[in-house]
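Colleague: I have a structure I would like to understand better, so I am pasting it below and will then ask my questions one at a time.
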Number of protein chains: 2
Amino acid sequence: MEFDLIERIRQRTASHRDDVRLGIGDDAAVVAVPSGRELAIAVDTLVEGIHFPVGTAPADIGWKALAVNLSDLAAMGATPAWALLALTLPTQDEAFIDGLAQGFAELATPFRLALIGGDTTRGPLTVTVAVHGFTAPEEALLRSTARVGDVVMVTGTLGDAAAGLRCLAEADPSPYGELIGRLNRPTPRVSAGQALRGIATACIDVSDGLVADLGHICAQSGVGAEIDAALLPRSSAMLTHFHDADAIDFALGGGDDYELCFTVSAERAGDLAADLARLGCGATRIGRVVEGQGVRVIGLDGEALVPSRAGWNHFTA
Amino acid sequence: MEFDLIERIRQRTASHRDDVRLGIGDDAAVVAVPSGRELAIAVDTLVEGIHFPVGTAPADIGWKALAVNLSDLAAMGATPAWALLALTLPTQDEAFIDGLAQGFAELATPFRLALIGGDTTRGPLTVTVAVHGFTAPEEALLRSTARVGDVVMVTGTLGDAAAGLRCLAEADPSPYGELIGRLNRPTPRVSAGQALRGIATACIDVSDGLVADLGHICAQSGVGAEIDAALLPRSSAMLTHFHDADAIDFALGGGDDYELCFTVSAERAGDLAADLARLGCGATRIGRVVEGQGVRVIGLDGEALVPSRAGWNHFTA
């Protein structure tokens, strides 16, 4: 049974890869890592009602389950190669599985990502994906290597996904399609992450919220950071629908954006932003790495701003 | 938060491995595959109430979640190296997590398996483990390569886990500790699987039941198989507590045994059994590979026997 379901998903995501020696259908897959490459590996679970609202379209669930994992590879600067999919479903709902497969495949295909294994089980709706990508020795982007004096930058815009989640509660969510789309179909910054290799000093993806995630870089690098709220990049949809205070709250603590937050020397920041722009990915300077610890936010009034959300924590949220 | 939990489990399972370049704590782990080796990868999920009874000790859950995955590597003849653990928990219950970590570590440690990543989420109790092991090119044991004339063998004894599950329902399960132990703490046949490399012609682990799993070998190899019920290896606990008819039913369709079922040429079967015995693993000849398709069971009376269980299927069980 499990092969039927996983195989159906694989057929939709078919990417022929010579490095897949044995795909779905045996007790394990067998793959080959290219000579001179190391393997970056990440795993993330989405639970219905926690990581996506009940009623989310199955294609959006399939997309997002892969996106949050590709975002982890992006944050390492790795090149995606293979994925595993472990799917727990309350019932064998074929339309649901087809929808999920379609969303997964839409995101997998442009990356030539191969689905090499999986498991299907009966139970409350839960989707776990593990991804494998290639990196060169010593080339992976880490959280622990930011340096005092670096500038702090982010790709894209922040806060949209959190704003989208709030908009879902509106009686008529139709004016907020762009924000809701950012919640349901986040774009992992894979090519941007690859462009950061050898240039950015540290990197993380913004999954829990900017302050929380930049806080991980600070803690693991033994540094502090200062962020200027006025510099936080906001989408036009955000500017249209939300006031400054809400927009800044969403950007600082909302999470689920899957943009990259990275540090880079001031000298290289400009060229790097230009490189990213050529990839179609905006990048904005939002602050600096300082001595000390923790993330300090300077509000629009020039005073310290304490964010109203402390980042996403599944056990306290 | 997720690192706290996963890191706590990792500390209990600490295996220093030079091939883990970057362990838990960043967006992804980074590992190196030894030169000349390929990677076998498998993933399996356990859901409370489906794959283990509600009330199972957390240490048994931790053990079993890893065991079912190591069993997949065993069936490929691969050498375990690294694992990922995705844990969905209803509440942050520290005693539960410590127990689960202890059981996971008890099994991981002798294999020098390193926990390199994971995720913790809130939701109904579900444990997904992915494992990675090394194999040499062309050396992995497959399901698709059995040959007419081969003998069919299994390691250990069959049916104990299914018998144990039935015994759990007894008012006093204490006389059935050995059978229940086989249900809760299956032994993946890792060293046996390695000993089969280059000798067995096909291999699978018995997770869904002998008839179902041997049926996969038959279907994928384009052959049939005949099994003699009289030859099915039964444990002393099984002989003590169950009559023949039940024991044979458990052995044929019970599942959850995690023994290896393999095919081997008649000439090499004897030496192979002796090799396995030196590893402390019994192996029993139970039948033969024939032309045709499907698995035919010959009962104690010499007549064809139709098993009363069709193997474990989470969506129809």
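Convention: chains lettered A, B, ... in structure tokens order; per-chain residue numbering from 1; ligands numbered from 1 as shown.
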Quick one: residues within 12 Å of Asp301 (chain A), only C-alpha atoms counted, chain neighbours fewer than 2 positions away excluded, as a list in words?

Modeller: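 Contacts, in chain order: Asp228, Ala229, Ala230, Asp244, Ala245, Val297, Ile298, Gly299, Glu303, Ala304 and Leu305 of chain A.
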
Colleague: Dump C-alpha atoms for the selected residues as a PDB file, in the first residue's frame?

Modeller:
ATOM      1  CA  ASP A 228      16.416  49.264  12.411  1.00  0.00           C
ATOM      2  CA  ALA A 229      12.667  48.742  12.184  1.00  0.00           C
ATOM      3  CA  ALA A 230      12.472  51.453   9.546  1.00  0.00           C
ATOM      4  CA  ASP A 244       3.324  50.426  10.385  1.00  0.00           C
ATOM      5  CA  ALA A 245       2.966  49.006  13.877  1.00  0.00           C
ATOM      6  CA  VAL A 297      15.468  46.554  17.637  1.00  0.00           C
ATOM      7  CA  ILE A 298      15.448  50.326  17.095  1.00  0.00           C
ATOM      8  CA  GLY A 299      11.898  51.535  16.479  1.00  0.00           C
ATOM      9  CA  GLU A 303      13.889  54.210  20.778  1.00  0.00           C
ATOM     10  CA  ALA A 304      14.415  50.558  21.635  1.00  0.00           C
ATOM     11  CA  LEU A 305      11.400  48.520  20.555  1.00  0.00           C
TER      12      LEU A 305
END

Colleague: Starting from chain A, keep only residues with some atom at most 7 Å from an atom of chain B, counting only C-alpha atoms, and report them as a ChimeraX atom specification.

Modeller: /A:1,26-32,38-45,47,72-73,75-76,86,92,117-119,121-124,142-143,204,313-315

Colleague: Could you save those same residues with N, CA and C atoms as a tab-separated table (two decimals), in the first residue's frame?

Modeller:
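So again23.tsv came out as:
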chain	number	residue	atom	x	y	z
A	1	MET	N	0.84	-1.21	0.00
A	1	MET	CA	0.00	0.00	0.00
A	1	MET	C	0.87	1.26	0.00
A	26	ASP	N	12.07	-0.74	-2.86
A	26	ASP	CA	12.78	-1.77	-2.10
A	26	ASP	C	12.78	-1.35	-0.63
A	27	ASP	N	13.56	-2.01	0.21
A	27	ASP	CA	13.54	-1.66	1.63
A	27	ASP	C	14.16	-0.29	1.88
A	28	ALA	N	15.06	0.12	1.01
A	28	ALA	CA	15.69	1.44	1.14
A	28	ALA	C	16.06	1.90	-0.25
A	29	ALA	N	16.23	3.19	-0.42
A	29	ALA	CA	16.79	3.73	-1.66
A	29	ALA	C	18.31	3.64	-1.58
A	30	VAL	N	18.96	3.65	-2.74
A	30	VAL	CA	20.42	3.72	-2.77
A	30	VAL	C	20.82	4.87	-3.69
A	31	VAL	N	21.63	5.76	-3.16
A	31	VAL	CA	22.05	6.96	-3.89
A	31	VAL	C	23.56	7.12	-3.80
A	32	ALA	N	24.10	7.90	-4.73
A	32	ALA	CA	25.54	8.14	-4.76
A	32	ALA	C	25.79	9.64	-4.64
A	38	GLU	N	29.94	16.98	-0.05
A	38	GLU	CA	29.36	16.49	1.19
A	38	GLU	C	27.84	16.65	1.10
A	39	LEU	N	27.16	16.10	2.10
A	39	LEU	CA	25.71	16.03	2.04
A	39	LEU	C	25.11	16.88	3.17
A	40	ALA	N	24.24	17.82	2.81
A	40	ALA	CA	23.46	18.56	3.82
A	40	ALA	C	22.10	17.88	3.94
A	41	ILE	N	21.66	17.64	5.18
A	41	ILE	CA	20.43	16.87	5.42
A	41	ILE	C	19.57	17.61	6.44
A	42	ALA	N	18.30	17.77	6.14
A	42	ALA	CA	17.37	18.43	7.06
A	42	ALA	C	16.04	17.70	7.07
A	43	VAL	N	15.29	17.85	8.14
A	43	VAL	CA	13.96	17.23	8.25
A	43	VAL	C	13.02	18.19	8.97
A	44	ASP	N	11.80	18.29	8.49
A	44	ASP	CA	10.79	19.12	9.14
A	44	ASP	C	9.42	18.49	8.98
A	45	THR	N	8.60	18.65	10.01
A	45	THR	CA	7.25	18.10	10.05
A	45	THR	C	6.23	19.23	10.05
A	47	VAL	N	2.19	19.75	10.95
A	47	VAL	CA	1.04	19.13	11.58
A	47	VAL	C	-0.18	20.00	11.29
A	72	ASP	N	15.70	25.14	4.45
A	72	ASP	CA	16.85	24.77	5.30
A	72	ASP	C	18.10	24.51	4.45
A	73	LEU	N	17.92	23.86	3.30
A	73	LEU	CA	19.07	23.66	2.41
A	73	LEU	C	19.56	25.00	1.87
A	75	ALA	N	19.47	27.84	3.34
A	75	ALA	CA	20.21	28.53	4.40
A	75	ALA	C	21.61	27.98	4.58
A	76	MET	N	21.87	26.78	4.07
A	76	MET	CA	23.22	26.21	4.10
A	76	MET	C	23.97	26.49	2.80
A	86	ALA	N	7.17	11.26	4.45
A	86	ALA	CA	6.42	10.39	5.37
A	86	ALA	C	5.08	11.08	5.64
A	92	GLN	N	-7.66	7.11	3.40
A	92	GLN	CA	-7.01	7.06	2.10
A	92	GLN	C	-7.85	7.86	1.10
A	117	GLY	N	12.00	7.98	-1.49
A	117	GLY	CA	11.45	7.04	-0.52
A	117	GLY	C	10.37	7.70	0.29
A	118	GLY	N	9.66	6.86	1.05
A	118	GLY	CA	8.61	7.42	1.88
A	118	GLY	C	7.90	6.36	2.65
A	119	ASP	N	6.88	6.79	3.34
A	119	ASP	CA	6.06	5.90	4.15
A	119	ASP	C	4.69	6.56	4.25
A	121	THR	N	1.12	6.24	6.51
A	121	THR	CA	0.52	5.62	7.69
A	121	THR	C	-0.83	6.28	7.94
A	122	ARG	N	-1.65	5.59	8.72
A	122	ARG	CA	-2.97	6.10	9.05
A	122	ARG	C	-2.91	6.80	10.39
A	123	GLY	N	-3.48	7.99	10.47
A	123	GLY	CA	-3.48	8.74	11.72
A	123	GLY	C	-3.78	10.19	11.43
A	124	PRO	N	-3.62	11.06	12.43
A	124	PRO	CA	-3.91	12.48	12.23
A	124	PRO	C	-2.96	13.08	11.19
A	142	LEU	N	26.99	28.74	7.78
A	142	LEU	CA	26.68	28.38	9.16
A	142	LEU	C	26.01	29.53	9.90
A	143	ARG	N	25.48	29.21	11.08
A	143	ARG	CA	24.91	30.23	11.96
A	143	ARG	C	25.98	30.82	12.89
A	204	ILE	N	20.79	32.07	8.10
A	204	ILE	CA	19.72	31.25	8.67
A	204	ILE	C	18.46	31.55	7.86
A	313	ASN	N	6.82	29.27	18.83
A	313	ASN	CA	7.27	28.11	19.59
A	313	ASN	C	6.08	27.19	19.77
A	314	HIS	N	6.19	26.00	19.20
A	314	HIS	CA	5.01	25.13	19.16
A	314	HIS	C	4.56	24.69	20.53
A	315	PHE	N	5.46	24.72	21.50
A	315	PHE	CA	5.07	24.22	22.80
A	315	PHE	C	4.61	25.34	23.74

Colleague: Interatomic distance between CA of Ile97 (chain B) and CA of Ala83 (chain B)?

Modeller: 17.0 Å

Colleague: Could you give me the residues within region 76-132 of chain A that DSSP places in alpha helix (DSSP H), as a PyMOL selection string?

Modeller: chain A and resi 76+94-108

Colleague: Enumerate as a list in words all residues of region 98-172 of chain B assigned to strand (DSSP E or B) by DSSP on the backbone, naming them with the chain letters and numbers the document uses.

Modeller: Ala114, Leu115, Ile116, Gly117, Gly118, Asp119, Thr120, Thr121, Arg122, Thr126, Val127, Thr128, Val129, Ala130, Val131, His132, Gly133, Phe134, Thr135, Val151, Val152, Met153, Val154 and Thr155 of chain B

Colleague: May I have the residues from that selection written out with C-alpha atoms, as a short mmCIF file (atom, residue, chain, number, x, y, z; two decimals), in the first residue's frame?

Modeller:
data_model
loop_
_atom_site.label_atom_id
_atom_site.label_comp_id
_atom_site.auth_asym_id
_atom_site.auth_seq_id
_atom_site.Cartn_x
_atom_site.Cartn_y
_atom_site.Cartn_z
CA ALA B 114 24.78 9.27 15.16
CA LEU B 115 21.61 11.34 15.53
CA ILE B 116 22.34 14.26 13.19
CA GLY B 117 19.06 16.14 13.03
CA GLY B 118 15.43 16.30 13.88
CA ASP B 119 12.32 18.28 14.49
CA THR B 120 9.84 18.42 17.34
CA THR B 121 6.28 19.51 16.82
CA ARG B 122 3.10 19.57 18.84
CA THR B 126 3.89 10.26 15.94
CA VAL B 127 7.54 9.28 15.55
CA THR B 128 9.27 9.38 12.18
CA VAL B 129 12.86 8.19 11.84
CA ALA B 130 15.01 8.30 8.71
CA VAL B 131 18.24 6.29 8.60
CA HIS B 132 21.28 6.40 6.37
CA GLY B 133 23.74 3.54 5.93
CA PHE B 134 26.66 2.65 3.73
CA THR B 135 26.68 0.09 0.97
CA VAL B 151 15.69 -21.84 -1.32
CA VAL B 152 13.72 -19.44 0.89
CA MET B 153 15.08 -18.82 4.40
CA VAL B 154 14.25 -16.67 7.39
CA THR B 155 16.30 -15.54 10.36
#

Colleague: What does the structure give for the distance between CA of Leu168 (chain B) and CA of Gly181 (chain B), in Å to one decimal?

Modeller: 10.6 Å

Colleague: Any idea what's packed within 8 Å of Arg112 (chain B), counting only C-alpha atoms, ignoring anything in its chain fewer than 3 positions away? Could you give it as a list in words?

Modeller: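 In the requested form, the answer reads Ser15, His16, Arg17, Pro80, Ala81, Ala108 and Thr109 of chain B.
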
Colleague: Just the number, please: distance in Å from CA of Arg182 (chain B) to CA of Gly255 (chain B), one decimal.

Modeller: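 Computed distance, CA of Arg182 (chain B) to CA of Gly255 (chain B), equals 11.2 Å.
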
Colleague: Give me the residues near region 164-166 of chain A as a list in words, where near means some atom within 6 Å (using only C-alpha atoms) and where sequence neighbours in that chain fewer than 2 positions away do not count.

Modeller: Asp160, Ala161, Ala162, Leu168, Ala169, Leu179, Ile180 and Leu183 of chain A

Colleague: Which of these residues is nearest to Leu70 (chain B), using only C-alpha atoms: B:Leu5, B:Leu232, B:Leu158, B:Leu260?

Modeller: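 Of B:Leu5, B:Leu232, B:Leu158, B:Leu260, the one nearest Leu70 (chain B) is B:Leu260, counting only C-alpha atoms.
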
Colleague: When distances are computed from only C-alpha atoms, which of A:Leu300, A:Ala105, A:Ala67, A:Leu279 shows the smallest separation from Gln194 (chain A)?

Modeller: A:Leu279

Colleague: Quick one: residues within 6 Å of Gly159 (chain A), only C-alpha atoms, excluding same-chain residues fewer than 6 positions away - as number ranges by chain?

Modeller: A: 250-251, 254
